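Enquirer: Following this line is structure-v3.cif, made up of mmCIF, C-alpha atoms, pLDDT in the B column; chains and numbers go by the auth columns:
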```cif
data_work
#
loop_
_atom_site.group_PDB
_atom_site.id
_atom_site.type_symbol
_atom_site.label_atom_id
_atom_site.label_comp_id
_atom_site.label_asym_id
_atom_site.label_seq_id
_atom_site.Cartn_x
_atom_site.Cartn_y
_atom_site.Cartn_z
_atom_site.B_iso_or_equiv
_atom_site.auth_seq_id
_atom_site.auth_asym_id
ATOM 1 C CA MET A 1 136.752 15.815 212.992 65.00 1 Y
ATOM 2 C CA PRO A 2 139.172 18.437 211.541 77.00 2 Y
ATOM 3 C CA ASP A 3 139.342 18.655 207.777 93.00 3 Y
ATOM 4 C CA VAL A 4 142.185 16.979 205.900 95.00 4 Y
ATOM 5 C CA ARG A 5 144.329 20.103 205.574 96.00 5 Y
ATOM 6 C CA GLU A 6 144.111 20.868 209.287 96.00 6 Y
ATOM 7 C CA ARG A 7 144.943 17.277 210.199 97.00 7 Y
ATOM 8 C CA ILE A 8 148.075 17.435 208.054 98.00 8 Y
ATOM 9 C CA VAL A 9 149.272 20.738 209.538 98.00 9 Y
ATOM 10 C CA THR A 10 148.485 19.643 213.095 97.00 10 Y
ATOM 11 C CA ALA A 11 150.445 16.427 212.587 97.00 11 Y
ATOM 12 C CA ALA A 12 153.420 18.100 210.903 98.00 12 Y
ATOM 13 C CA TYR A 13 153.779 21.132 213.179 98.00 13 Y
ATOM 14 C CA PRO A 14 155.465 19.460 216.196 97.00 14 Y
ATOM 15 C CA MET A 15 157.692 17.420 213.891 97.00 15 Y
ATOM 16 C CA PHE A 16 159.082 20.496 212.157 97.00 16 Y
ATOM 17 C CA VAL A 17 159.382 22.475 215.394 97.00 17 Y
ATOM 18 C CA ASN A 18 161.287 19.761 217.219 95.00 18 Y
ATOM 19 C CA ARG A 19 163.234 18.073 214.424 95.00 19 Y
ATOM 20 C CA GLY A 20 163.691 20.570 211.618 96.00 20 Y
ATOM 21 C CA ILE A 21 162.700 20.084 207.998 97.00 21 Y
ATOM 22 C CA ARG A 22 164.861 17.459 206.317 96.00 22 Y
ATOM 23 C CA ASP A 23 164.465 14.879 209.075 96.00 23 Y
ATOM 24 C CA VAL A 24 160.691 14.768 208.560 97.00 24 Y
ATOM 25 C CA THR A 25 159.311 12.582 205.762 95.00 25 Y
ATOM 26 C CA LEU A 26 156.035 12.736 203.887 95.00 26 Y
ATOM 27 C CA ASP A 27 155.235 9.190 204.980 95.00 27 Y
ATOM 28 C CA GLU A 28 155.504 10.233 208.640 96.00 28 Y
ATOM 29 C CA ILE A 29 153.234 13.212 208.123 97.00 29 Y
ATOM 30 C CA ARG A 30 150.631 11.209 206.220 97.00 30 Y
ATOM 31 C CA ARG A 31 150.724 8.398 208.759 97.00 31 Y
ATOM 32 C CA GLN A 32 150.376 10.738 211.748 96.00 32 Y
ATOM 33 C CA ALA A 33 147.605 12.704 210.031 96.00 33 Y
ATOM 34 C CA GLU A 34 145.884 9.493 208.926 96.00 34 Y
ATOM 35 C CA VAL A 35 145.513 10.656 205.335 96.00 35 Y
ATOM 36 C CA THR A 36 146.210 8.928 202.047 96.00 36 Y
ATOM 37 C CA ALA A 37 148.763 10.062 199.484 95.00 37 Y
ATOM 38 C CA ALA A 38 145.910 11.278 197.287 96.00 38 Y
ATOM 39 C CA GLN A 39 144.368 13.263 200.131 96.00 39 Y
ATOM 40 C CA PHE A 40 147.729 14.851 200.906 96.00 40 Y
ATOM 41 C CA SER A 41 148.370 15.771 197.272 96.00 41 Y
ATOM 42 C CA ALA A 42 144.967 17.411 197.050 96.00 42 Y
ATOM 43 C CA GLU A 43 146.022 19.860 199.799 96.00 43 Y
ATOM 44 C CA PHE A 44 149.786 20.311 199.425 97.00 44 Y
ATOM 45 C CA ALA A 45 152.264 19.983 196.583 96.00 45 Y
ATOM 46 C CA SER A 46 155.177 18.988 198.810 96.00 46 Y
ATOM 47 C CA ARG A 47 156.525 18.596 202.326 96.00 47 Y
ATOM 48 C CA ASP A 48 158.033 22.092 202.104 97.00 48 Y
ATOM 49 C CA ASP A 49 154.607 23.562 201.389 97.00 49 Y
ATOM 50 C CA VAL A 50 153.370 22.050 204.645 98.00 50 Y
ATOM 51 C CA ALA A 51 156.436 23.407 206.430 98.00 51 Y
ATOM 52 C CA ALA A 52 155.724 26.938 205.163 98.00 52 Y
ATOM 53 C CA VAL A 53 152.224 26.799 206.659 98.00 53 Y
ATOM 54 C CA CYS A 54 153.680 25.452 209.907 98.00 54 Y
ATOM 55 C CA LEU A 55 156.065 28.430 210.067 98.00 55 Y
ATOM 56 C CA GLN A 56 153.061 30.736 209.777 98.00 56 Y
ATOM 57 C CA ARG A 57 151.385 28.832 212.582 97.00 57 Y
ATOM 58 C CA ARG A 58 154.553 29.099 214.654 97.00 58 Y
ATOM 59 C CA GLU A 59 154.426 32.882 214.350 97.00 59 Y
ATOM 60 C CA ALA A 60 150.807 32.943 215.488 97.00 60 Y
ATOM 61 C CA ILE A 61 151.449 30.594 218.412 96.00 61 Y
ATOM 62 C CA TRP A 62 154.901 31.725 219.533 96.00 62 Y
ATOM 63 C CA THR A 63 155.686 35.253 218.302 96.00 63 Y
ATOM 64 C CA ILE A 64 152.218 36.667 218.890 96.00 64 Y
ATOM 65 C CA GLY A 65 150.678 34.263 221.379 96.00 65 Y
ATOM 66 C CA VAL A 66 153.673 33.751 223.670 96.00 66 Y
ATOM 67 C CA VAL A 67 156.283 36.489 223.227 96.00 67 Y
ATOM 68 C CA GLU A 68 154.166 39.561 222.459 96.00 68 Y
ATOM 69 C CA ALA A 69 151.204 38.606 224.640 96.00 69 Y
ATOM 70 C CA GLY A 70 153.466 37.536 227.497 96.00 70 Y
ATOM 71 C CA ALA A 71 155.616 40.672 227.382 96.00 71 Y
ATOM 72 C CA ARG A 72 152.634 43.021 227.266 95.00 72 Y
ATOM 73 C CA ALA A 73 150.937 41.156 230.110 96.00 73 Y
ATOM 74 C CA ARG A 74 154.011 41.471 232.344 95.00 74 Y
ATOM 75 C CA GLY A 75 154.873 45.108 231.645 93.00 75 Y
ATOM 76 C CA THR A 76 152.916 48.228 232.531 92.00 76 Y
ATOM 77 C CA THR A 77 155.018 50.543 230.322 94.00 77 Y
ATOM 78 C CA PRO A 78 156.578 49.987 226.878 94.00 78 Y
ATOM 79 C CA GLU A 79 160.053 49.864 228.458 94.00 79 Y
ATOM 80 C CA GLU A 80 158.910 47.230 230.929 95.00 80 Y
ATOM 81 C CA CYS A 81 157.362 45.251 228.079 96.00 81 Y
ATOM 82 C CA LEU A 82 160.656 45.316 226.177 96.00 82 Y
ATOM 83 C CA LEU A 83 162.524 43.915 229.168 97.00 83 Y
ATOM 84 C CA ALA A 84 159.707 41.465 229.912 97.00 84 Y
ATOM 85 C CA ILE A 85 160.493 39.702 226.636 97.00 85 Y
ATOM 86 C CA PHE A 86 163.467 38.231 228.462 97.00 86 Y
ATOM 87 C CA ASP A 87 161.246 37.156 231.364 97.00 87 Y
ATOM 88 C CA VAL A 88 159.128 35.265 228.834 97.00 88 Y
ATOM 89 C CA PHE A 89 162.326 33.743 227.461 98.00 89 Y
ATOM 90 C CA ASP A 90 163.451 32.802 230.972 97.00 90 Y
ATOM 91 C CA ASP A 91 160.304 30.730 231.502 97.00 91 Y
ATOM 92 C CA TRP A 92 160.785 29.187 228.057 97.00 92 Y
ATOM 93 C CA PHE A 93 164.441 28.303 228.649 97.00 93 Y
ATOM 94 C CA HIS A 94 163.590 26.512 231.895 97.00 94 Y
ATOM 95 C CA ARG A 95 161.030 24.240 230.258 95.00 95 Y
ATOM 96 C CA ASP A 96 161.960 20.586 229.797 93.00 96 Y
ATOM 97 C CA ASP A 97 160.671 20.747 226.212 93.00 97 Y
ATOM 98 C CA TYR A 98 162.646 23.871 225.197 95.00 98 Y
ATOM 99 C CA GLU A 99 162.979 23.642 221.411 94.00 99 Y
ATOM 100 C CA ALA A 100 164.883 26.872 220.553 95.00 100 Y
ATOM 101 C CA CYS A 101 163.712 29.215 217.798 96.00 101 Y
ATOM 102 C CA THR A 102 162.137 27.404 214.867 97.00 102 Y
ATOM 103 C CA PHE A 103 162.836 30.318 212.520 97.00 103 Y
ATOM 104 C CA VAL A 104 166.543 30.365 213.367 97.00 104 Y
ATOM 105 C CA ASN A 105 166.711 26.567 213.182 97.00 105 Y
ATOM 106 C CA VAL A 106 165.104 26.437 209.742 97.00 106 Y
ATOM 107 C CA LEU A 107 167.169 29.353 208.438 97.00 107 Y
ATOM 108 C CA LEU A 108 170.411 27.643 209.455 96.00 108 Y
ATOM 109 C CA GLU A 109 169.268 24.256 208.178 97.00 109 Y
ATOM 110 C CA MET A 110 167.892 25.318 204.802 97.00 110 Y
ATOM 111 C CA GLY A 111 169.942 28.437 204.067 97.00 111 Y
ATOM 112 C CA ARG A 112 168.857 31.980 203.298 96.00 112 Y
ATOM 113 C CA ASP A 113 168.327 31.277 199.577 97.00 113 Y
ATOM 114 C CA HIS A 114 165.896 28.395 200.111 97.00 114 Y
ATOM 115 C CA PRO A 115 162.186 29.342 200.108 97.00 115 Y
ATOM 116 C CA LEU A 116 161.851 28.157 203.707 98.00 116 Y
ATOM 117 C CA GLY A 117 164.998 30.074 204.646 97.00 117 Y
ATOM 118 C CA ARG A 118 163.530 33.228 203.129 98.00 118 Y
ATOM 119 C CA ALA A 119 160.252 32.597 204.935 98.00 119 Y
ATOM 120 C CA SER A 120 162.152 32.228 208.208 98.00 120 Y
ATOM 121 C CA CYS A 121 163.884 35.571 207.582 97.00 121 Y
ATOM 122 C CA GLU A 122 160.475 37.181 207.121 97.00 122 Y
ATOM 123 C CA HIS A 123 159.206 35.708 210.382 97.00 123 Y
ATOM 124 C CA LEU A 124 162.344 36.927 212.183 97.00 124 Y
ATOM 125 C CA GLU A 125 161.708 40.372 210.710 97.00 125 Y
ATOM 126 C CA HIS A 126 158.226 40.284 212.230 97.00 126 Y
ATOM 127 C CA ILE A 127 159.839 39.722 215.636 97.00 127 Y
ATOM 128 C CA ARG A 128 162.061 42.764 215.049 97.00 128 Y
ATOM 129 C CA GLN A 129 158.967 44.744 214.108 96.00 129 Y
ATOM 130 C CA LEU A 130 157.430 43.784 217.447 96.00 130 Y
ATOM 131 C CA VAL A 131 160.531 45.061 219.253 97.00 131 Y
ATOM 132 C CA GLY A 132 160.497 48.192 217.102 96.00 132 Y
ATOM 133 C CA ARG A 133 156.875 48.934 217.971 96.00 133 Y
ATOM 134 C CA LEU A 134 157.632 48.683 221.674 96.00 134 Y
ATOM 135 C CA ALA A 135 160.738 50.856 221.271 95.00 135 Y
ATOM 136 C CA ALA A 136 158.702 53.482 219.411 95.00 136 Y
ATOM 137 C CA GLU A 137 156.005 53.373 222.100 94.00 137 Y
ATOM 138 C CA ALA A 138 158.768 53.921 224.676 94.00 138 Y
ATOM 139 C CA GLU A 139 159.952 56.925 222.610 93.00 139 Y
ATOM 140 C CA LEU A 140 163.515 55.639 222.495 94.00 140 Y
ATOM 141 C CA ASP A 141 166.103 57.327 220.303 92.00 141 Y
ATOM 142 C CA ARG A 142 167.403 55.591 217.159 93.00 142 Y
ATOM 143 C CA VAL A 143 164.678 52.950 217.153 95.00 143 Y
ATOM 144 C CA GLU A 144 166.050 50.965 214.207 95.00 144 Y
ATOM 145 C CA GLU A 145 169.502 50.696 215.772 95.00 145 Y
ATOM 146 C CA PHE A 146 167.972 49.717 219.104 96.00 146 Y
ATOM 147 C CA THR A 147 165.771 47.090 217.471 97.00 147 Y
ATOM 148 C CA LEU A 148 168.656 45.398 215.670 97.00 148 Y
ATOM 149 C CA SER A 149 170.772 45.377 218.837 96.00 149 Y
ATOM 150 C CA CYS A 150 167.963 44.038 221.014 97.00 150 Y
ATOM 151 C CA HIS A 151 167.231 41.275 218.513 97.00 151 Y
ATOM 152 C CA ILE A 152 170.890 40.236 218.679 97.00 152 Y
ATOM 153 C CA LEU A 153 170.493 39.837 222.446 97.00 153 Y
ATOM 154 C CA MET A 154 167.311 37.829 221.955 97.00 154 Y
ATOM 155 C CA LYS A 155 168.783 35.449 219.388 97.00 155 Y
ATOM 156 C CA GLY A 156 172.034 35.131 221.304 96.00 156 Y
ATOM 157 C CA SER A 157 170.205 34.114 224.468 97.00 157 Y
ATOM 158 C CA ILE A 158 168.231 31.507 222.508 97.00 158 Y
ATOM 159 C CA ILE A 159 171.442 29.951 221.180 96.00 159 Y
ATOM 160 C CA ASN A 160 173.053 30.002 224.628 96.00 160 Y
ATOM 161 C CA ALA A 161 170.011 28.294 226.107 97.00 161 Y
ATOM 162 C CA ALA A 162 170.227 25.623 223.401 95.00 162 Y
ATOM 163 C CA GLU A 163 173.805 25.019 224.571 95.00 163 Y
ATOM 164 C CA GLY A 164 172.493 24.451 228.092 95.00 164 Y
ATOM 165 C CA ASP A 165 172.778 27.934 229.620 96.00 165 Y
ATOM 166 C CA ILE A 166 169.256 28.186 231.012 95.00 166 Y
ATOM 167 C CA GLU A 167 170.095 31.472 232.770 97.00 167 Y
ATOM 168 C CA ALA A 168 170.891 33.168 229.452 97.00 168 Y
ATOM 169 C CA ALA A 169 167.693 35.219 229.503 97.00 169 Y
ATOM 170 C CA SER A 170 168.457 36.875 232.841 96.00 170 Y
ATOM 171 C CA ARG A 171 171.930 37.884 231.649 96.00 171 Y
ATOM 172 C CA SER A 172 170.531 39.180 228.379 96.00 172 Y
ATOM 173 C CA LYS A 173 167.881 41.156 230.257 96.00 173 Y
ATOM 174 C CA ALA A 174 170.613 43.008 232.172 95.00 174 Y
ATOM 175 C CA MET A 175 172.298 43.921 228.883 96.00 175 Y
ATOM 176 C CA ALA A 176 168.939 44.923 227.398 96.00 176 Y
ATOM 177 C CA ARG A 177 168.346 47.258 230.339 95.00 177 Y
ATOM 178 C CA ASP A 178 171.665 48.979 229.584 94.00 178 Y
ATOM 179 C CA LEU A 179 170.704 49.150 225.916 95.00 179 Y
ATOM 180 C CA VAL A 180 167.402 50.838 226.764 94.00 180 Y
ATOM 181 C CA ALA A 181 169.268 53.370 228.912 92.00 181 Y
ATOM 182 C CA ARG A 182 171.655 54.168 226.059 92.00 182 Y
ATOM 183 C CA HIS A 183 168.713 54.920 223.778 93.00 183 Y
ATOM 184 C CA GLN A 184 166.827 57.174 226.165 89.00 184 Y
ATOM 185 C CA PRO A 185 166.242 60.639 224.669 83.00 185 Y
ATOM 186 C CA VAL A 186 168.128 63.541 226.258 68.00 186 Y
ATOM 187 C CA HIS A 187 166.677 67.044 226.335 58.00 187 Y
ATOM 188 C CA ALA A 188 168.965 70.002 226.930 48.00 188 Y
ATOM 189 C CA SER A 189 166.344 72.390 228.212 49.00 189 Y
ATOM 190 C CA GLY A 190 166.328 72.318 231.993 52.00 190 Y
ATOM 191 C CA SER A 191 168.840 69.456 232.152 56.00 191 Y
ATOM 192 C CA SER A 192 171.017 69.379 235.226 61.00 192 Y
ATOM 193 C CA HIS A 193 174.761 68.858 235.339 63.00 193 Y
ATOM 194 C CA ALA A 194 174.154 65.365 236.746 68.00 194 Y
ATOM 195 C CA GLU A 195 171.863 64.506 233.833 65.00 195 Y
ATOM 196 C CA HIS A 196 174.522 65.601 231.342 65.00 196 Y
ATOM 197 C CA VAL A 197 177.132 63.513 233.135 69.00 197 Y
ATOM 198 C CA GLU A 198 174.833 60.479 233.048 69.00 198 Y
ATOM 199 C CA TRP A 199 174.228 60.966 229.319 64.00 199 Y
ATOM 200 C CA LEU A 200 177.970 61.182 228.607 66.00 200 Y
ATOM 201 C CA GLN A 201 178.669 58.040 230.618 68.00 201 Y
ATOM 202 C CA LEU A 202 175.898 56.124 228.854 66.00 202 Y
ATOM 203 C CA HIS A 203 177.469 57.035 225.527 61.00 203 Y
ATOM 204 C CA GLY A 204 180.931 55.880 226.522 66.00 204 Y
ATOM 205 C CA LEU A 205 182.413 59.360 226.992 68.00 205 Y
ATOM 206 C CA ASP A 206 184.702 60.434 229.822 68.00 206 Y
ATOM 207 C CA ALA A 207 182.444 62.677 231.886 67.00 207 Y
ATOM 208 C CA ASP A 208 185.411 63.992 233.913 67.00 208 Y
ATOM 209 C CA ALA A 209 186.836 65.582 230.764 62.00 209 Y
ATOM 210 C CA PHE A 210 183.749 67.753 230.251 60.00 210 Y
ATOM 211 C CA THR A 211 182.723 70.975 231.989 53.00 211 Y
ATOM 212 C CA PHE A 212 180.019 73.559 231.436 45.00 212 Y
ATOM 213 C CA SER A 213 180.986 76.526 229.291 46.00 213 Y
ATOM 214 C CA GLY A 214 179.612 79.991 229.852 41.00 214 Y
ATOM 215 C CA ALA A 215 179.699 80.521 226.094 39.00 215 Y
ATOM 216 C CA GLU A 216 177.407 77.536 225.610 39.00 216 Y
ATOM 217 C CA PRO A 217 175.145 77.424 228.688 36.00 217 Y
ATOM 218 C CA GLU A 218 173.971 73.956 229.686 39.00 218 Y
ATOM 219 C CA ARG A 219 176.145 72.336 227.025 39.00 219 Y
ATOM 220 C CA PRO A 220 179.163 70.353 228.203 42.00 220 Y
ATOM 221 C CA VAL A 221 182.456 71.468 226.698 41.00 221 Y
ATOM 222 C CA GLN A 222 185.863 69.854 226.937 43.00 222 Y
ATOM 223 C CA SER A 223 188.468 72.565 227.509 40.00 223 Y
ATOM 224 C CA ALA A 224 192.028 72.570 226.179 38.00 224 Y
ATOM 225 C CA PRO A 225 194.657 75.146 227.234 39.00 225 Y
ATOM 226 C CA SER A 226 195.504 76.223 223.699 35.00 226 Y
ATOM 227 C CA ALA A 227 192.277 75.386 221.921 35.00 227 Y
ATOM 228 C CA ALA A 228 192.048 76.815 218.450 35.00 228 Y
ATOM 229 C CA VAL A 229 188.921 75.255 216.943 34.00 229 Y
ATOM 230 C CA ARG A 230 185.509 74.511 218.378 34.00 230 Y
ATOM 231 C CA GLY A 231 183.087 72.218 216.599 35.00 231 Y
ATOM 232 C CA PRO A 232 180.074 70.039 217.396 37.00 232 Y
ATOM 233 C CA VAL A 233 180.885 66.422 218.144 41.00 233 Y
ATOM 234 C CA HIS A 234 177.318 65.344 218.767 43.00 234 Y
ATOM 235 C CA ALA A 235 174.043 66.884 217.733 39.00 235 Y
ATOM 236 C CA ASP A 236 170.437 65.829 217.659 41.00 236 Y
ATOM 237 C CA ALA A 237 167.110 67.615 217.595 37.00 237 Y
ATOM 238 C CA ASP A 238 167.375 68.800 221.170 40.00 238 Y
ATOM 239 C CA VAL A 239 170.991 69.027 222.293 41.00 239 Y
ATOM 240 C CA ALA A 240 174.447 69.720 220.888 40.00 240 Y
ATOM 241 C CA TYR A 241 177.790 68.988 222.484 43.00 241 Y
ATOM 242 C CA TYR A 242 180.961 70.892 221.629 40.00 242 Y
ATOM 243 C CA LEU A 243 184.579 69.863 221.880 41.00 243 Y
ATOM 244 C CA ASP A 244 187.598 72.162 221.895 38.00 244 Y
ATOM 245 C CA PHE A 245 190.426 70.788 219.754 35.00 245 Y
ATOM 246 C CA ASP A 246 194.034 71.623 220.532 37.00 246 Y
ATOM 247 C CA LEU A 247 195.649 71.973 217.124 36.00 247 Y
ATOM 248 C CA ALA A 248 199.070 72.944 218.460 35.00 248 Y
#
```
Please, can you express the file's structure as structure tokens?
Expert:
Amino acid sequence: MPDVRERIVTAAYPMFVNRGIRDVTLDEIRRQAEVTAAQFSAEFASRDDVAAVCLQRREAIWTIGVVEAGARARGTTPEECLLAIFDVFDDWFHRDDYEACTFVNVLLEMGRDHPLGRASCEHLEHIRQLVGRLAAEAELDRVEEFTLSCHILMKGSIINAAEGDIEAASRSKAMARDLVARHQPVHASGSSHAEHVEWLQLHGLDADAFTFSGAEPERPVQSAPSAAVRGPVHADADVAYYLDFDLA
């Protein structure tokens, strides 16, 4: 038979996941775990202490055991694994027992300043770290920016699914694919005109306004009839783009 502490956590875990924190009472936990008040007090100081351990268990079961393991099992490349997160979500959203994200639920219920709210923020940060690791493995540009944006898509799809939109993951996956494309690195050396045009379009620039300049080979330049000043409008480690400004 499991020890007293394990019985308490096992009993409390589904209650907190499905109902939140404040709706769960100590009497319910003790009754379900079949422990006395004295036995409970010997292991935990309060209901919130049990909840904190259950949040840790949720990370092990859901973040690592379901999301990370599922995404890595479905993808053969880091990019595929990133997008596969939304395939994992799609299966989750279609389950009859879909319970939404416990960390988001607890954060909204308890508030960011409550110890359980702060713990939920830490667990959400661990999810972002997972996304960041995959983005780094995929050698995407601006990994931190990508990670924050991708996590917005993930959390947004979870909320939409809680509203009843069980196809939210597939829509979010399409947006995530565009996000991955926008963060692909671009290398100037050997790049074709078509590759430059694609890069400009991905970054929201009007590709028709750019041409190649003989003065700056393989670097797109926007020409103006009476241009007076030329300056870089984008630069990174590998490529720089120049724009002619008409100051007349």
Enquirer: Using the chain letters and numbers from the file, give me the residues hit by the PyMOL selection byres ((chain Y and resi 178) around 12), as a list of chain:residue names.
Expert: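 This file, filtered by the PyMOL selection byres ((chain Y and resi 178) around 12), leaves Y:Glu79, Y:Leu83, Y:Phe146, Y:Ser149, Y:Cys150, Y:Leu153, Y:Arg171, Y:Ser172, Y:Lys173, Y:Ala174, Y:Met175, Y:Ala176, Y:Arg177, Y:Leu179, Y:Val180, Y:Ala181, Y:Arg182, Y:His183, Y:Gln184, Y:Gln201, Y:Leu202, Y:His203, Y:Gly204.
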Enquirer: Which residue gives the smallest distance to Y:Leu134 among Y:Ser170, Y:Thr147, Y:Thr25, Y:Thr36, with all atoms listed in the file counted?
Expert: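 With all atoms listed in the file as the atom set, the closest residue is Y:Thr147.
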Enquirer: Which is closest to Y:His114 among Y:Ala52, Y:Val9, Y:Ile127, Y:Ala42, if we use all atoms listed in the file?
Expert: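 Closest candidate: Y:Ala52.
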Enquirer: For Y:Asp87, find every residue with an atom within 9 Å (counting only C-alpha atoms), except residues of its own chain fewer than 5 positions away, and show them as an mmCIF file with C-alpha atoms, in the frame of the given file.
Expert:
```cif
data_model
loop_
_atom_site.group_PDB
_atom_site.id
_atom_site.type_symbol
_atom_site.label_atom_id
_atom_site.label_comp_id
_atom_site.auth_asym_id
_atom_site.auth_seq_id
_atom_site.Cartn_x
_atom_site.Cartn_y
_atom_site.Cartn_z
ATOM 1 C CA GLY Y 70 153.466 37.536 227.497
ATOM 2 C CA ALA Y 71 155.616 40.672 227.382
ATOM 3 C CA ARG Y 74 154.011 41.471 232.344
ATOM 4 C CA TRP Y 92 160.785 29.187 228.057
ATOM 5 C CA ALA Y 169 167.693 35.219 229.503
ATOM 6 C CA SER Y 170 168.457 36.875 232.841
ATOM 7 C CA LYS Y 173 167.881 41.156 230.257
#
```
Enquirer: Report, in Å with one decimal, the straight-line distance from atom CA of Y:Phe86 to atom CA of Y:Ala12.
Expert: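 A separation of 28.5 Å between them.
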Enquirer: Considering all atoms listed in the file, return as an MDAnalysis selection string whatever protein or nucleic-acid residues lie within 10 Å of Y:Ile8, sequence-local ones (same chain, fewer than 2 positions apart) excluded.
Expert: chainID Y and resid 2:6 10:13 29:35 39:40 43:44 50 54
Enquirer: Would you kindly translate the PyMOL selection byres ((chain Y and resi 120) around 8) into the concrete residues it picks from this file, as a PyMOL selection string?
Expert: chain Y and resi 55+103-104+106-107+116-119+121-124
Enquirer: I'd like the contact shell of Y:Glu167 - 9 Å cut-off, only C-alpha atoms, skipping same-chain residues fewer than 5 positions apart - returned as number ranges by chain.
Expert: Y: 90, 93-94, 157, 160-161, 172
Enquirer: When you count only C-alpha atoms, which of these residues is closest to Y:Asp96: Y:Gly111, Y:Gly164, Y:Gly20, Y:Pro185?
Expert: Y:Gly164
Enquirer: Out of Y:Leu82, Y:Leu26, Y:Ile166, Y:Ala37, which residue has the shortest atom-to-atom distance to Y:Glu137 when counting all atoms listed in the file?
Expert: Y:Leu82
Enquirer: Any chance you could build stretch 146-164 of chain Y out to N, CA and C atoms and write it as a PDB file, in the frame of the given file?
Expert:
```
ATOM      1  N   PHE Y 146     168.332  50.434 217.879  1.00 96.00           N
ATOM      2  CA  PHE Y 146     167.972  49.717 219.104  1.00 96.00           C
ATOM      3  C   PHE Y 146     167.376  48.350 218.782  1.00 96.00           C
ATOM      4  N   THR Y 147     166.472  48.324 217.811  1.00 97.00           N
ATOM      5  CA  THR Y 147     165.771  47.090 217.471  1.00 97.00           C
ATOM      6  C   THR Y 147     166.742  46.008 217.012  1.00 97.00           C
ATOM      7  N   LEU Y 148     167.674  46.369 216.148  1.00 97.00           N
ATOM      8  CA  LEU Y 148     168.656  45.398 215.670  1.00 97.00           C
ATOM      9  C   LEU Y 148     169.512  44.880 216.827  1.00 97.00           C
ATOM     10  N   SER Y 149     169.924  45.778 217.710  1.00 96.00           N
ATOM     11  CA  SER Y 149     170.772  45.377 218.837  1.00 96.00           C
ATOM     12  C   SER Y 149     170.012  44.482 219.808  1.00 96.00           C
ATOM     13  N   CYS Y 150     168.767  44.839 220.089  1.00 97.00           N
ATOM     14  CA  CYS Y 150     167.963  44.038 221.014  1.00 97.00           C
ATOM     15  C   CYS Y 150     167.705  42.650 220.442  1.00 97.00           C
ATOM     16  N   HIS Y 151     167.485  42.581 219.133  1.00 97.00           N
ATOM     17  CA  HIS Y 151     167.231  41.275 218.513  1.00 97.00           C
ATOM     18  C   HIS Y 151     168.473  40.389 218.567  1.00 97.00           C
ATOM     19  N   ILE Y 152     169.651  41.005 218.498  1.00 97.00           N
ATOM     20  CA  ILE Y 152     170.890  40.236 218.679  1.00 97.00           C
ATOM     21  C   ILE Y 152     170.912  39.605 220.069  1.00 97.00           C
ATOM     22  N   LEU Y 153     170.539  40.377 221.085  1.00 97.00           N
ATOM     23  CA  LEU Y 153     170.493  39.837 222.446  1.00 97.00           C
ATOM     24  C   LEU Y 153     169.480  38.699 222.546  1.00 97.00           C
ATOM     25  N   MET Y 154     168.345  38.862 221.906  1.00 97.00           N
ATOM     26  CA  MET Y 154     167.311  37.829 221.955  1.00 97.00           C
ATOM     27  C   MET Y 154     167.799  36.537 221.309  1.00 97.00           C
ATOM     28  N   LYS Y 155     168.330  36.653 220.091  1.00 97.00           N
ATOM     29  CA  LYS Y 155     168.783  35.449 219.388  1.00 97.00           C
ATOM     30  C   LYS Y 155     169.990  34.825 220.079  1.00 97.00           C
ATOM     31  N   GLY Y 156     170.876  35.663 220.594  1.00 96.00           N
ATOM     32  CA  GLY Y 156     172.034  35.131 221.304  1.00 96.00           C
ATOM     33  C   GLY Y 156     171.638  34.341 222.533  1.00 96.00           C
ATOM     34  N   SER Y 157     170.644  34.837 223.269  1.00 97.00           N
ATOM     35  CA  SER Y 157     170.205  34.114 224.468  1.00 97.00           C
ATOM     36  C   SER Y 157     169.563  32.782 224.095  1.00 97.00           C
ATOM     37  N   ILE Y 158     168.857  32.752 222.967  1.00 97.00           N
ATOM     38  CA  ILE Y 158     168.231  31.507 222.508  1.00 97.00           C
ATOM     39  C   ILE Y 158     169.297  30.458 222.189  1.00 97.00           C
ATOM     40  N   ILE Y 159     170.361  30.883 221.511  1.00 96.00           N
ATOM     41  CA  ILE Y 159     171.442  29.951 221.180  1.00 96.00           C
ATOM     42  C   ILE Y 159     172.138  29.470 222.447  1.00 96.00           C
ATOM     43  N   ASN Y 160     172.404  30.398 223.376  1.00 96.00           N
ATOM     44  CA  ASN Y 160     173.053  30.002 224.628  1.00 96.00           C
ATOM     45  C   ASN Y 160     172.208  28.993 225.396  1.00 96.00           C
ATOM     46  N   ALA Y 161     170.900  29.228 225.410  1.00 97.00           N
ATOM     47  CA  ALA Y 161     170.011  28.294 226.107  1.00 97.00           C
ATOM     48  C   ALA Y 161     170.037  26.923 225.441  1.00 97.00           C
ATOM     49  N   ALA Y 162     170.144  26.900 224.110  1.00 95.00           N
ATOM     50  CA  ALA Y 162     170.227  25.623 223.401  1.00 95.00           C
ATOM     51  C   ALA Y 162     171.505  24.879 223.761  1.00 95.00           C
ATOM     52  N   GLU Y 163     172.556  25.636 224.120  1.00 95.00           N
ATOM     53  CA  GLU Y 163     173.805  25.019 224.571  1.00 95.00           C
ATOM     54  C   GLU Y 163     173.705  24.497 225.998  1.00 95.00           C
ATOM     55  N   GLY Y 164     172.660  24.899 226.718  1.00 95.00           N
ATOM     56  CA  GLY Y 164     172.493  24.451 228.092  1.00 95.00           C
ATOM     57  C   GLY Y 164     172.526  25.553 229.129  1.00 95.00           C
TER      58      GLY Y 164
END
```
